[in-house]
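So this one's work_13.txt, compact mmCIF, C-alpha atoms:
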```txt
# COMPACT_ATOMS: atom_id res chain seq x y z
CA MET V 1 12.31 -7.96 8.26
CA SER V 2 9.68 -5.26 8.73
CA LYS V 3 8.77 -2.45 11.02
CA PHE V 4 5.71 -2.32 13.23
CA SER V 5 3.56 0.70 13.72
CA GLY V 6 3.17 1.99 17.26
CA ALA V 7 -0.36 3.26 16.71
CA LEU V 8 -3.60 1.82 15.44
CA GLN V 9 -5.12 5.12 14.43
CA LEU V 10 -5.36 6.16 10.80
CA THR V 11 -5.04 9.74 9.64
CA ASP V 12 -8.36 11.63 9.85
CA ILE V 13 -10.04 8.65 11.50
CA ASP V 14 -10.91 8.86 15.20
CA ASP V 15 -12.94 5.69 15.61
CA PHE V 16 -10.12 3.33 16.57
CA ILE V 17 -9.14 2.31 20.08
CA THR V 18 -5.61 3.48 20.73
CA PRO V 19 -3.40 2.55 23.71
CA SER V 20 -5.04 3.48 26.99
CA GLN V 21 -3.55 6.19 29.17
CA ILE V 22 -3.67 3.73 32.07
CA CYS V 23 -1.72 0.52 31.51
CA ILE V 24 -1.51 -2.73 33.45
CA LYS V 25 2.27 -2.32 33.20
CA PRO V 26 2.91 1.29 34.31
CA LEU V 27 6.36 2.77 33.89
CA PRO V 28 7.72 5.11 36.60
CA THR V 29 8.37 8.64 35.40
CA VAL V 30 10.91 9.34 38.17
CA PRO V 31 13.46 7.07 39.89
CA ILE V 32 11.87 5.15 42.78
CA ASP V 33 13.60 3.33 45.63
CA LYS V 34 10.67 2.99 47.99
CA ALA V 35 6.92 3.11 47.65
CA THR V 36 3.83 2.41 49.73
CA SER V 37 1.09 -0.04 48.78
CA ARG V 38 -2.62 0.66 49.08
CA THR V 39 -2.66 -1.26 52.39
CA GLY V 40 0.05 0.98 53.82
CA ALA V 41 2.81 -1.62 53.59
CA LYS V 42 6.21 -0.36 52.46
CA ILE V 43 7.57 -1.67 49.18
CA THR V 44 11.30 -1.58 48.45
CA ILE V 45 12.63 -1.98 44.91
CA LYS V 46 16.06 -3.64 44.68
CA GLY V 47 17.19 -4.17 41.12
CA ASP V 48 14.60 -6.36 39.42
CA ASN V 49 13.04 -7.43 42.74
CA CYS V 50 10.24 -5.82 44.75
CA LEU V 51 10.10 -6.49 48.50
CA GLU V 52 7.08 -5.81 50.69
CA GLU V 53 7.87 -5.06 54.34
CA ASN V 54 5.44 -6.63 56.82
CA GLU V 55 5.43 -7.95 60.38
CA SER V 56 7.14 -11.20 59.41
CA GLY V 57 9.88 -9.49 57.47
CA ASN V 58 10.46 -8.76 53.80
CA GLN V 59 8.37 -10.73 51.29
CA LYS V 60 9.38 -10.89 47.64
CA LEU V 61 6.51 -9.88 45.37
CA LYS V 62 5.70 -11.82 42.23
CA LYS V 63 6.53 -10.19 38.94
CA VAL V 64 3.69 -9.22 36.66
CA GLU V 65 3.69 -11.17 33.42
CA ILE V 66 2.28 -9.45 30.36
CA THR V 67 1.16 -11.37 27.27
CA LEU V 68 -0.37 -10.25 24.02
CA GLN V 69 -3.73 -11.27 25.44
CA ASP V 70 -3.34 -8.54 28.05
CA CYS V 71 -3.55 -5.93 25.31
CA LEU V 72 -6.77 -4.35 24.11
CA ALA V 73 -6.50 -3.43 20.46
CA CYS V 74 -3.16 -1.85 21.36
CA SER V 75 -0.03 -2.20 19.29
CA GLY V 76 2.14 0.03 21.47
CA CYS V 77 3.97 -2.82 23.21
CA ILE V 78 4.14 -5.35 20.38
CA THR V 79 7.09 -6.03 18.17
CA SER V 80 7.24 -8.48 15.30
CA ALA V 81 10.09 -10.55 13.90
CA GLU V 82 9.13 -12.34 10.74
CA GLY V 83 11.05 -15.39 9.55
CA VAL V 84 10.98 -17.29 6.30
CA LEU V 85 7.51 -17.48 4.80
CA ILE V 86 6.22 -21.01 4.37
CA THR V 87 2.51 -20.43 3.83
CA GLN V 88 0.51 -17.27 3.43
CA GLN V 89 -3.10 -16.25 3.65
CA SER V 90 -4.14 -13.71 1.08
CA GLN V 91 -7.27 -11.84 2.06
CA GLU V 92 -9.31 -10.03 -0.57
CA GLU V 93 -8.82 -6.73 1.25
CA LEU V 94 -5.03 -6.86 0.88
CA LEU V 95 -5.26 -7.71 -2.81
CA LYS V 96 -7.78 -4.98 -3.53
CA VAL V 97 -5.61 -2.32 -1.94
CA LEU V 98 -2.42 -3.46 -3.64
CA ALA V 99 -4.26 -3.76 -6.92
CA HIS V 100 -5.50 -0.20 -6.59
CA ARG V 101 -2.10 1.10 -5.45
CA TYR V 102 -0.27 -0.38 -8.44
CA GLN V 103 -3.15 -0.02 -10.93
CA ILE V 104 -3.44 -3.74 -11.67
CA GLY V 105 -6.30 -6.20 -11.32
CA ALA V 106 -6.95 -8.04 -8.06
CA GLU V 107 -6.15 -11.41 -9.65
CA ASP V 108 -2.89 -10.01 -11.06
CA ALA V 109 -2.05 -8.55 -7.64
CA ALA V 110 -2.48 -12.03 -6.13
CA ARG V 111 -0.15 -13.59 -8.73
CA HIS V 112 2.55 -10.91 -8.30
CA LEU V 113 2.28 -11.21 -4.51
CA THR V 114 2.64 -14.97 -4.82
CA GLY V 115 5.80 -14.53 -6.88
CA TYR V 116 7.18 -12.11 -4.31
CA PHE V 117 6.65 -14.51 -1.42
CA ARG V 118 8.19 -17.34 -3.40
CA SER V 119 11.26 -15.17 -3.92
CA LEU V 120 11.50 -14.95 -0.11
CA GLY V 121 11.47 -18.72 0.20
CA ALA V 122 7.80 -19.64 0.56
CA ASP V 123 6.99 -23.25 -0.31
CA TYR V 124 3.22 -22.77 -0.48
CA VAL V 125 1.20 -19.62 -1.01
CA LEU V 126 -2.51 -20.08 -0.35
CA CYS V 127 -5.70 -18.05 -0.47
CA THR V 128 -8.28 -18.20 2.32
CA LYS V 129 -11.28 -19.09 0.18
CA VAL V 130 -11.77 -22.53 1.73
CA ALA V 131 -11.50 -21.10 5.26
CA ASP V 132 -13.90 -18.26 4.40
CA ASP V 133 -16.40 -20.82 3.12
CA LEU V 134 -16.18 -22.97 6.24
CA ALA V 135 -16.52 -19.93 8.52
CA LEU V 136 -19.76 -18.89 6.80
CA LEU V 137 -21.20 -22.40 6.91
CA GLU V 138 -20.42 -22.83 10.60
CA CYS V 139 -21.62 -19.37 11.58
CA ARG V 140 -24.95 -19.74 9.80
CA GLN V 141 -25.53 -23.17 11.37
CA GLU V 142 -24.72 -21.73 14.78
CA PHE V 143 -27.26 -18.97 14.17
CA MET V 144 -29.96 -21.47 13.21
CA GLU V 145 -29.37 -23.47 16.39
CA ARG V 146 -29.50 -20.39 18.58
CA TYR V 147 -32.62 -19.11 16.84
CA HIS V 148 -34.47 -22.37 17.45
CA GLU V 149 -33.43 -22.31 21.11
CA ASN V 150 -34.36 -18.65 21.70
CA LYS V 151 -35.85 -16.48 18.94
CA GLU V 152 -35.18 -13.32 20.97
CA LEU V 153 -31.46 -13.86 21.59
CA THR V 154 -29.11 -11.64 19.60
CA MET V 155 -26.05 -13.28 18.03
CA LEU V 156 -22.98 -11.16 17.35
CA SER V 157 -20.26 -12.07 14.86
CA SER V 158 -16.80 -12.69 16.28
CA SER V 159 -14.31 -12.73 13.41
CA CYS V 160 -12.97 -9.27 14.38
CA PRO V 161 -10.32 -9.72 17.14
CA GLY V 162 -10.40 -6.04 18.12
CA TRP V 163 -14.10 -6.35 18.90
CA VAL V 164 -13.56 -9.66 20.73
CA CYS V 165 -10.80 -8.15 22.93
CA TYR V 166 -13.05 -5.21 23.75
CA ALA V 167 -15.94 -7.53 24.62
CA GLU V 168 -13.80 -9.75 26.87
CA LYS V 169 -12.12 -6.91 28.75
CA THR V 170 -14.82 -4.28 28.92
CA HIS V 171 -18.16 -6.12 29.11
CA GLY V 172 -17.06 -9.63 30.08
CA ASN V 173 -19.68 -12.17 31.07
CA PHE V 174 -22.56 -9.94 30.06
CA ILE V 175 -21.70 -9.77 26.37
CA LEU V 176 -19.80 -13.03 25.75
CA PRO V 177 -22.91 -15.29 25.50
CA TYR V 178 -24.01 -13.19 22.52
CA LEU V 179 -20.80 -13.84 20.55
CA SER V 180 -20.61 -16.47 17.84
CA THR V 181 -18.17 -19.23 18.76
CA THR V 182 -17.17 -19.85 15.12
CA ARG V 183 -13.47 -19.26 14.54
CA SER V 184 -12.36 -16.55 12.16
CA PRO V 185 -11.14 -17.55 8.68
CA GLN V 186 -7.55 -16.86 9.79
CA GLN V 187 -7.79 -19.44 12.58
CA ILE V 188 -9.74 -21.97 10.52
CA MET V 189 -7.01 -21.66 7.91
CA GLY V 190 -4.50 -22.38 10.65
CA VAL V 191 -6.25 -25.67 11.39
CA LEU V 192 -6.37 -26.60 7.70
CA VAL V 193 -2.69 -25.80 7.18
CA LYS V 194 -1.29 -27.39 10.33
CA GLN V 195 -3.49 -30.51 10.16
CA LEU V 196 -5.12 -31.16 6.79
CA LEU V 197 -2.26 -29.88 4.62
CA ALA V 198 0.31 -31.48 6.92
CA GLU V 199 -1.52 -34.79 6.49
CA LYS V 200 -1.48 -34.42 2.71
CA LEU V 201 2.25 -33.65 2.80
CA SER V 202 2.91 -36.48 5.28
CA ILE V 203 4.78 -34.20 7.67
CA PRO V 204 4.08 -33.11 11.28
CA GLY V 205 2.20 -29.85 11.64
CA SER V 206 5.06 -28.57 13.79
CA ARG V 207 7.27 -28.65 10.67
CA ILE V 208 5.11 -26.01 8.99
CA TYR V 209 5.71 -22.35 9.72
CA HIS V 210 2.43 -20.66 8.92
CA VAL V 211 2.36 -16.94 8.17
CA THR V 212 -0.81 -14.98 7.42
CA VAL V 213 -1.15 -11.61 5.73
CA MET V 214 -3.94 -9.48 7.20
CA PRO V 215 -5.21 -5.87 6.99
CA CYS V 216 -5.42 -5.70 10.78
CA TYR V 217 -2.90 -5.44 13.64
CA ASP V 218 -5.32 -7.20 15.98
CA LYS V 219 -4.94 -10.42 14.00
CA LYS V 220 -1.54 -10.65 15.73
CA LEU V 221 -3.40 -10.69 19.06
CA GLU V 222 -5.84 -13.30 17.78
CA ALA V 223 -3.10 -15.64 16.62
CA SER V 224 -1.44 -15.38 20.04
CA ARG V 225 -4.49 -16.60 22.01
CA GLU V 226 -3.83 -19.75 24.00
CA ASP V 227 -7.07 -21.19 22.62
CA PHE V 228 -5.33 -21.46 19.26
CA PHE V 229 -2.28 -23.34 20.54
CA ASN V 230 -2.38 -26.93 19.30
CA LYS V 231 -0.93 -29.20 21.98
CA ALA V 232 -0.62 -32.15 19.58
CA ASN V 233 1.63 -30.09 17.27
CA ASN V 234 3.14 -28.15 20.18
CA ALA V 235 2.71 -25.04 18.07
CA ARG V 236 0.24 -22.30 17.29
CA ASP V 237 -2.15 -22.70 14.37
CA VAL V 238 -0.80 -19.40 13.03
CA ASP V 239 2.88 -18.77 13.78
CA CYS V 240 3.17 -15.22 12.50
CA VAL V 241 0.93 -12.44 11.19
CA ILE V 242 2.17 -9.63 8.97
CA THR V 243 -0.03 -6.79 7.81
CA SER V 244 -0.70 -5.06 4.53
CA VAL V 245 1.34 -2.07 5.67
CA GLU V 246 4.27 -4.32 6.51
CA VAL V 247 4.12 -6.02 3.10
CA GLU V 248 4.34 -2.61 1.44
CA GLU V 249 7.28 -1.71 3.70
CA MET V 250 9.00 -4.97 2.78
CA LEU V 251 8.63 -4.16 -0.90
CA THR V 252 9.98 -0.66 -0.30
CA GLU V 253 12.98 -2.00 1.61
CA HIS V 254 13.70 -4.37 -1.27
CA LYS V 255 13.35 -1.40 -3.66
CA ARG V 256 10.66 -3.17 -5.65
CA THR V 257 7.11 -2.47 -6.67
CA LEU V 258 4.56 -5.26 -6.82
CA PRO V 259 4.35 -5.37 -10.66
CA GLN V 260 8.14 -5.88 -10.75
CA CYS V 261 7.74 -9.22 -8.94
CA ASN V 262 7.45 -12.20 -11.27
CA PRO V 263 3.84 -13.45 -11.24
CA ASP V 264 3.07 -16.98 -10.15
CA ASP V 265 -0.02 -19.09 -9.44
CA LEU V 266 -1.40 -19.53 -5.95
CA ASP V 267 -1.23 -23.09 -4.66
CA TRP V 268 -4.40 -25.17 -4.39
CA PRO V 269 -3.49 -28.40 -2.56
CA TRP V 270 -7.05 -29.15 -1.43
CA SER V 271 -8.43 -30.86 -4.55
CA GLU V 272 -7.52 -31.80 -8.11
CA VAL V 273 -9.91 -29.22 -9.57
CA ARG V 274 -8.71 -25.64 -9.15
CA PRO V 275 -11.21 -22.74 -8.93
CA GLU V 276 -11.37 -20.53 -12.00
CA SER V 277 -10.44 -17.56 -9.80
CA MET V 278 -8.45 -17.38 -6.58
CA VAL V 279 -9.78 -13.96 -5.56
CA TRP V 280 -13.38 -14.02 -4.39
CA ALA V 281 -15.97 -11.86 -2.67
CA HIS V 282 -18.43 -13.26 -0.16
CA GLU V 283 -21.65 -11.32 -0.73
CA ALA V 284 -21.53 -7.54 -1.21
CA THR V 285 -20.52 -6.38 2.27
CA LEU V 286 -16.86 -5.77 2.87
CA SER V 287 -16.07 -7.95 5.90
CA GLY V 288 -16.80 -11.53 4.95
CA GLY V 289 -20.51 -11.27 4.15
CA TYR V 290 -21.75 -12.79 7.41
CA ALA V 291 -24.91 -10.68 7.79
CA GLU V 292 -25.95 -11.07 4.15
CA HIS V 293 -25.25 -14.76 3.81
CA ILE V 294 -26.94 -15.78 7.06
CA PHE V 295 -29.94 -13.51 6.42
CA LYS V 296 -30.55 -15.07 3.00
CA TYR V 297 -30.18 -18.59 4.38
CA ALA V 298 -32.41 -17.98 7.42
CA ALA V 299 -35.10 -16.30 5.32
CA ARG V 300 -35.22 -19.31 3.01
CA GLU V 301 -34.98 -22.06 5.64
CA LEU V 302 -37.14 -20.52 8.35
CA PHE V 303 -39.77 -18.61 6.37
CA ASN V 304 -39.54 -19.98 2.83
CA GLU V 305 -38.65 -16.52 1.53
CA VAL V 306 -36.31 -16.13 -1.45
CA THR V 307 -34.42 -12.87 -1.04
CA PRO V 308 -32.90 -10.76 -3.83
CA LYS V 309 -29.33 -11.53 -4.85
CA GLU V 310 -28.32 -8.05 -3.69
CA LEU V 311 -29.75 -7.15 -0.29
CA GLU V 312 -30.55 -3.53 0.50
CA PHE V 313 -29.52 -2.58 4.01
CA LYS V 314 -31.15 0.58 5.36
CA GLN V 315 -28.71 3.16 6.70
CA LEU V 316 -29.62 4.40 10.16
CA ARG V 317 -27.64 6.95 12.20
CA ASN V 318 -24.59 6.73 9.89
CA ARG V 319 -23.23 4.71 6.96
CA ASP V 320 -21.53 2.30 9.37
CA PHE V 321 -24.78 1.22 11.01
CA ARG V 322 -27.25 -0.46 8.70
CA GLU V 323 -30.12 -2.89 9.14
CA ILE V 324 -32.34 -5.17 7.10
CA ILE V 325 -35.70 -6.58 8.20
CA LEU V 326 -37.80 -9.46 6.87
CA LYS V 327 -41.52 -9.06 7.52
CA LYS V 328 -44.29 -11.65 7.39
CA ASN V 329 -47.89 -10.45 7.63
CA GLY V 330 -46.64 -7.04 8.70
CA LYS V 331 -44.53 -8.45 11.55
CA ALA V 332 -40.74 -8.33 11.66
CA VAL V 333 -39.54 -11.96 11.83
CA LEU V 334 -35.85 -11.42 11.01
CA LYS V 335 -33.89 -8.32 11.95
CA PHE V 336 -30.18 -8.14 11.03
CA ALA V 337 -27.66 -5.31 11.23
CA ILE V 338 -24.08 -4.34 10.39
CA ALA V 339 -22.24 -2.27 13.02
CA ASN V 340 -18.76 -0.97 12.16
CA GLY V 341 -16.62 1.22 14.39
CA PHE V 342 -16.61 1.57 18.17
CA ARG V 343 -19.15 4.39 18.23
CA ASN V 344 -21.76 2.03 16.83
CA ILE V 345 -20.50 -0.93 18.86
CA GLN V 346 -20.92 0.96 22.12
CA ASN V 347 -24.44 2.02 21.15
CA LEU V 348 -25.26 -1.59 20.28
CA VAL V 349 -23.96 -2.92 23.61
CA GLN V 350 -25.82 -0.28 25.60
CA LYS V 351 -29.03 -1.21 23.79
CA LEU V 352 -28.52 -4.85 24.75
CA LYS V 353 -27.87 -3.87 28.37
CA ARG V 354 -31.09 -1.86 28.51
CA GLY V 355 -32.99 -4.85 27.14
CA LYS V 356 -34.65 -2.54 24.66
CA GLU V 357 -37.36 -4.13 22.54
CA GLY V 358 -36.57 -4.81 18.92
CA ASN V 359 -33.08 -6.17 19.45
CA TYR V 360 -31.47 -7.69 16.38
CA HIS V 361 -31.33 -11.41 15.71
CA PHE V 362 -27.82 -11.10 14.24
CA VAL V 363 -25.28 -8.29 14.01
CA GLU V 364 -22.09 -8.33 11.95
CA VAL V 365 -19.63 -6.41 14.15
CA MET V 366 -16.32 -4.93 13.02
CA ALA V 367 -14.09 -2.57 15.02
CA CYS V 368 -12.92 -0.51 12.04
CA PRO V 369 -15.14 2.04 10.30
CA SER V 370 -16.19 0.61 6.90
CA GLY V 371 -15.08 -2.84 8.11
CA CYS V 372 -12.08 -4.89 6.98
CA ILE V 373 -11.65 -2.93 3.76
CA ASN V 374 -10.50 -0.05 5.97
CA GLY V 375 -8.56 -2.18 8.46
CA GLY V 376 -6.22 -0.47 10.91
CA ALA V 377 -3.19 -2.02 9.17
CA GLN V 378 -4.40 -1.53 5.63
CA VAL V 379 -2.17 0.16 3.07
CA ARG V 380 -2.36 3.91 3.60
CA PRO V 381 -3.81 6.39 1.10
CA ILE V 382 -1.36 8.12 -1.20
CA THR V 383 -0.31 11.67 -0.35
CA GLY V 384 -3.24 14.06 -0.65
CA GLN V 385 -5.86 11.31 -0.84
CA HIS V 386 -8.48 11.10 1.91
CA VAL V 387 -9.09 7.68 3.41
CA HIS V 388 -12.78 7.85 2.46
CA GLU V 389 -11.84 8.36 -1.18
CA LEU V 390 -9.61 5.29 -1.08
CA THR V 391 -12.33 3.24 0.64
CA GLN V 392 -14.91 4.15 -2.00
CA LYS V 393 -12.55 3.12 -4.79
CA LEU V 394 -11.85 -0.19 -3.05
CA GLU V 395 -15.57 -0.83 -2.70
CA LYS V 396 -15.95 -0.51 -6.47
CA ILE V 397 -13.11 -3.01 -7.02
CA TYR V 398 -14.77 -5.39 -4.57
CA GLU V 399 -18.09 -5.21 -6.42
CA LYS V 400 -16.44 -6.57 -9.56
CA LEU V 401 -15.01 -9.69 -7.90
CA PRO V 402 -16.71 -13.05 -8.57
CA ARG V 403 -18.96 -14.25 -5.74
CA SER V 404 -18.16 -17.41 -3.81
CA GLN V 405 -20.69 -20.03 -2.78
CA PRO V 406 -19.59 -21.66 0.49
CA GLU V 407 -21.50 -24.85 -0.21
CA ASN V 408 -19.36 -26.62 -2.78
CA ALA V 409 -17.70 -29.96 -3.48
CA LEU V 410 -14.56 -29.06 -1.52
CA THR V 411 -16.27 -27.98 1.70
CA LYS V 412 -18.48 -31.07 1.58
CA ASP V 413 -15.39 -33.23 1.15
CA ILE V 414 -13.60 -31.52 4.07
CA TYR V 415 -16.58 -32.13 6.34
CA ARG V 416 -16.81 -35.75 5.26
CA GLU V 417 -13.15 -36.75 5.12
CA PHE V 418 -11.38 -34.42 7.57
CA LEU V 419 -13.97 -33.25 10.11
CA GLU V 420 -15.75 -36.62 10.34
CA GLY V 421 -19.06 -35.10 9.34
CA PHE V 422 -21.13 -31.98 9.95
CA GLN V 423 -21.71 -30.91 13.58
CA THR V 424 -19.44 -33.62 14.97
CA ASP V 425 -17.23 -33.39 18.03
CA LYS V 426 -14.21 -32.90 15.75
CA SER V 427 -15.80 -30.11 13.68
CA ASN V 428 -16.93 -28.33 16.86
CA GLU V 429 -13.45 -28.61 18.34
CA LEU V 430 -11.56 -27.42 15.26
CA LEU V 431 -13.96 -24.79 13.90
CA HIS V 432 -15.14 -23.18 17.14
CA THR V 433 -13.50 -21.44 20.09
CA ARG V 434 -14.15 -20.02 23.56
CA TYR V 435 -14.05 -16.57 25.11
CA HIS V 436 -12.84 -15.48 28.52
CA ALA V 437 -14.03 -12.60 30.63
CA VAL V 438 -11.02 -10.76 32.00
CA VAL V 439 -11.87 -10.08 35.63
CA GLY V 440 -10.27 -7.16 37.40
CA GLN V 441 -8.77 -5.58 34.29
CA LEU V 442 -9.12 -1.88 33.61
CA SER V 443 -12.66 -1.95 32.30
CA THR V 444 -12.97 1.77 33.00
CA SER V 445 -9.52 2.81 31.82
CA LEU V 446 -10.56 3.33 28.23
CA ASN V 447 -12.67 6.32 29.26
CA ILE V 448 -14.13 6.51 25.77
CA LYS V 449 -17.14 8.77 25.27
CA TRP V 450 -18.34 9.13 21.73
```
Hey, can you dump this file as structure tokens for me?
Amino acid sequence: MSKFSGALQLTDIDDFITPSQICIKPLPTVPIDKATSRTGAKITIKGDNCLEENESGNQKLKKVEITLQDCLACSGCITSAEGVLITQQSQEELLKVLAHRYQIGAEDAARHLTGYFRSLGADYVLCTKVADDLALLECRQEFMERYHENKELTMLSSSCPGWVCYAEKTHGNFILPYLSTTRSPQQIMGVLVKQLLAEKLSIPGSRIYHVTVMPCYDKKLEASREDFFNKANNARDVDCVITSVEVEEMLTEHKRTLPQCNPDDLDWPWSEVRPESMVWAHEATLSGGYAEHIFKYAARELFNEVTPKELEFKQLRNRDFREIILKKNGKAVLKFAIANGFRNIQNLVQKLKRGKEGNYHFVEVMACPSGCINGGAQVRPITGQHVHELTQKLEKIYEKLPRSQPENALTKDIYREFLEGFQTDKSNELLHTRYHAVVGQLSTSLNIKW
């Protein structure tokens, strides 16, 4: 249905991790019949089989199996085959870009996109607001628990799969304890669709084919993690991920523009009362609002400080590394930061490794410069337009969106009726995940020096 880009790098942007020169699945550049292993044993290749010659004879070597989880923010080996859309996640970033591209409002973009997906056969088209809300609530509670256990421990956000892959494969067991275990909104939405919605529709979750639309190729990697395979449904929480770029390509292939698609309302199967708007912003930052929301909550709950509605983050070495500090009696009691792009991420990790004083209590981490609004699979700038110009225009659109409050009647009802309460075994199982250090992988193969 759609093509897939072979590179993650945007024009004029050099802060993305692209496929490594060294791969765990090397391809021979010249025909090979025989080779020698590092131990000196001779290896013979016969068809699809590899035989190692030793004292006891020829031993057949096991084939290497490569999965999406073996990739590190690399789209070079991935192909996608999209089927009929049944449900769809509509992130604000996608809608903002399409709205700007076609000169229509974000809400109108959502309605036209809904109509387009219905024309392809979608039964339900959903927004991620409820999943975004739950992710913020869980992440802030996780922060509070960690803070009470150890006021000096830094907590790093984990909703960016590119950053998570990098952490697992490059820094492993050192960095993983710092990561928040809260699932990303995409994966929380997968739980809601395959379990809560399935329950409401009185059908097995395996009968639902769940497609998400994301501004990021790495969301394909995230959806493929074995941690997000539901054994009860015998299916993944998210069956397929298509990106903003691919949606635009689909429209082009169908020789349509978004405004030409008949508008339709997004579905809201969660409660009888529909929100006034289906397109929301969480705080003012452009990647979910984790740092802002948790800072405001922690300041109020821990230090009885009411913060301004709009927080002012201080820019440090560049616009993609900012911090905010709460002081009491001249002492810094809360120190938060936002780190976007791998230059800043590497500096952050090195600071943690050195154990340098003044580490942050919480850092919102995103692999892409400028965060999700400039995702690696976001719709490209028009000819002659610089990506920074497009990003600035999208930021202005984002500022005009209504703000969402994660604590609302719906989230309270979901905790009470579906998750069996707040901080229960079921909520921890469905809203949190685990990470895995990848031992023996090519931790040095990236060879990135910023």
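Proximity ranking of V:Leu431, V:Cys160, V:Leu251, V:Leu201 relative to Glu364 (chain V) places V:Cys160 first, based on all atoms listed in the file.
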Inset, instruction - Might you pull out every residue within 8 Å of Arg322 (chain V), with only C-alpha atoms counted and same-chain residues fewer than 3 positions away left off, and present them as a PyMOL selection string? - result: chain V and resi 313-316+318-319+337-339
Inset, instruction - Choose the residue, out of V:Ala122, V:Ile294, V:Leu196, V:Leu134, that has the smallest atom-to-atom separation from Phe418 (chain V); count only C-alpha atoms. - result: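 Between V:Ala122, V:Ile294, V:Leu196, V:Leu134, the residue approaching Phe418 (chain V) most closely is V:Leu196.
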Legend entry - Spatial neighbours of region 166-171 of chain V, 6 Å, only C-alpha atoms, chain gap at least 2 places, as a list of chain:residue names: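 Skipping anything fewer than 2 positions along the chain leaves V:Trp163, V:Val164, V:Phe174, V:Ile175, V:Ala437, V:Val438, V:Ser443.
Of the listed residues V:Ser370, V:Thr181, V:Asn234, V:Gln141, the one whose atoms come nearest to Gln423 (chain V) is V:Gln141, with distances taken using all atoms listed in the file.
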Inset, instruction - Would you work out the distance separating CA of Phe321 (chain V) from CA of Leu221 (chain V), expressed in Å to one decimal? - result: 25.8 Å
Legend entry - Closest of V:Val273, V:Leu286, V:Ile382, V:Val241 to Pro369 (chain V) - atom-to-atom distances counting all atoms listed in the file: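 Using all atoms listed in the file, Pro369 (chain V) sits closest to V:Leu286.
Compared by their closest atoms to Arg434 (chain V), and using only C-alpha atoms, the residues V:Asp227, V:Asp108, V:Asp239, V:Glu149 rank with V:Asp227 nearest.
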Legend entry - Residue with smallest distance to Ala109 (chain V) - pool V:Ile203, V:Lys328, V:Gly172, V:Gln260, counting all atoms listed in the file: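 Closest residue, counting all atoms listed in the file: V:Gln260.
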Legend entry - Point-to-point distance from CA of Thr307 (chain V) to CA of Glu152 (chain V), Å rounded to tenths: 22.0 Å
Legend entry - Expected answer as a list in words: all residues with atoms within 10 Å of (-9.0, -18.0, 11.8), only C-alpha atoms: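 Taken together, the residues in range are Thr128, Ala131, Asp132, Ala135, Ser159, Cys160, Pro161, Thr182, Arg183, Ser184, Pro185, Gln186, Gln187, Ile188, Met189, Gly190, Val191, Leu192, Thr212, Lys219, Glu222, Ala223, Phe228, Asp237, Val238, Leu431 and His432 of chain V.
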Legend entry - Atom pair CA of Met278 (chain V) / CA of Cys127 (chain V): separation (Å): 6.7 Å
Extract, using all atoms listed in the file, all DNA, RNA and protein residues at most 12 Å from Met155 (chain V), discarding same-chain residues fewer than 4 positions from it, and format them as a tab-separated table (two decimals) with C-alpha atoms, in the frame of the given file.
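Final file, out.tsv:
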```tsv
chain	number	residue	atom	x	y	z
V	139	CYS	CA	-21.62	-19.37	11.58
V	140	ARG	CA	-24.95	-19.74	9.80
V	141	GLN	CA	-25.53	-23.17	11.37
V	142	GLU	CA	-24.72	-21.73	14.78
V	143	PHE	CA	-27.26	-18.97	14.17
V	144	MET	CA	-29.96	-21.47	13.21
V	145	GLU	CA	-29.37	-23.47	16.39
V	146	ARG	CA	-29.50	-20.39	18.58
V	147	TYR	CA	-32.62	-19.11	16.84
V	150	ASN	CA	-34.36	-18.65	21.70
V	151	LYS	CA	-35.85	-16.48	18.94
V	175	ILE	CA	-21.70	-9.77	26.37
V	176	LEU	CA	-19.80	-13.03	25.75
V	177	PRO	CA	-22.91	-15.29	25.50
V	178	TYR	CA	-24.01	-13.19	22.52
V	179	LEU	CA	-20.80	-13.84	20.55
V	180	SER	CA	-20.61	-16.47	17.84
V	181	THR	CA	-18.17	-19.23	18.76
V	182	THR	CA	-17.17	-19.85	15.12
V	290	TYR	CA	-21.75	-12.79	7.41
V	291	ALA	CA	-24.91	-10.68	7.79
V	294	ILE	CA	-26.94	-15.78	7.06
V	335	LYS	CA	-33.89	-8.32	11.95
V	336	PHE	CA	-30.18	-8.14	11.03
V	337	ALA	CA	-27.66	-5.31	11.23
V	338	ILE	CA	-24.08	-4.34	10.39
V	348	LEU	CA	-25.26	-1.59	20.28
V	349	VAL	CA	-23.96	-2.92	23.61
V	352	LEU	CA	-28.52	-4.85	24.75
V	359	ASN	CA	-33.08	-6.17	19.45
V	360	TYR	CA	-31.47	-7.69	16.38
V	361	HIS	CA	-31.33	-11.41	15.71
V	362	PHE	CA	-27.82	-11.10	14.24
V	363	VAL	CA	-25.28	-8.29	14.01
V	364	GLU	CA	-22.09	-8.33	11.95
V	365	VAL	CA	-19.63	-6.41	14.15
```
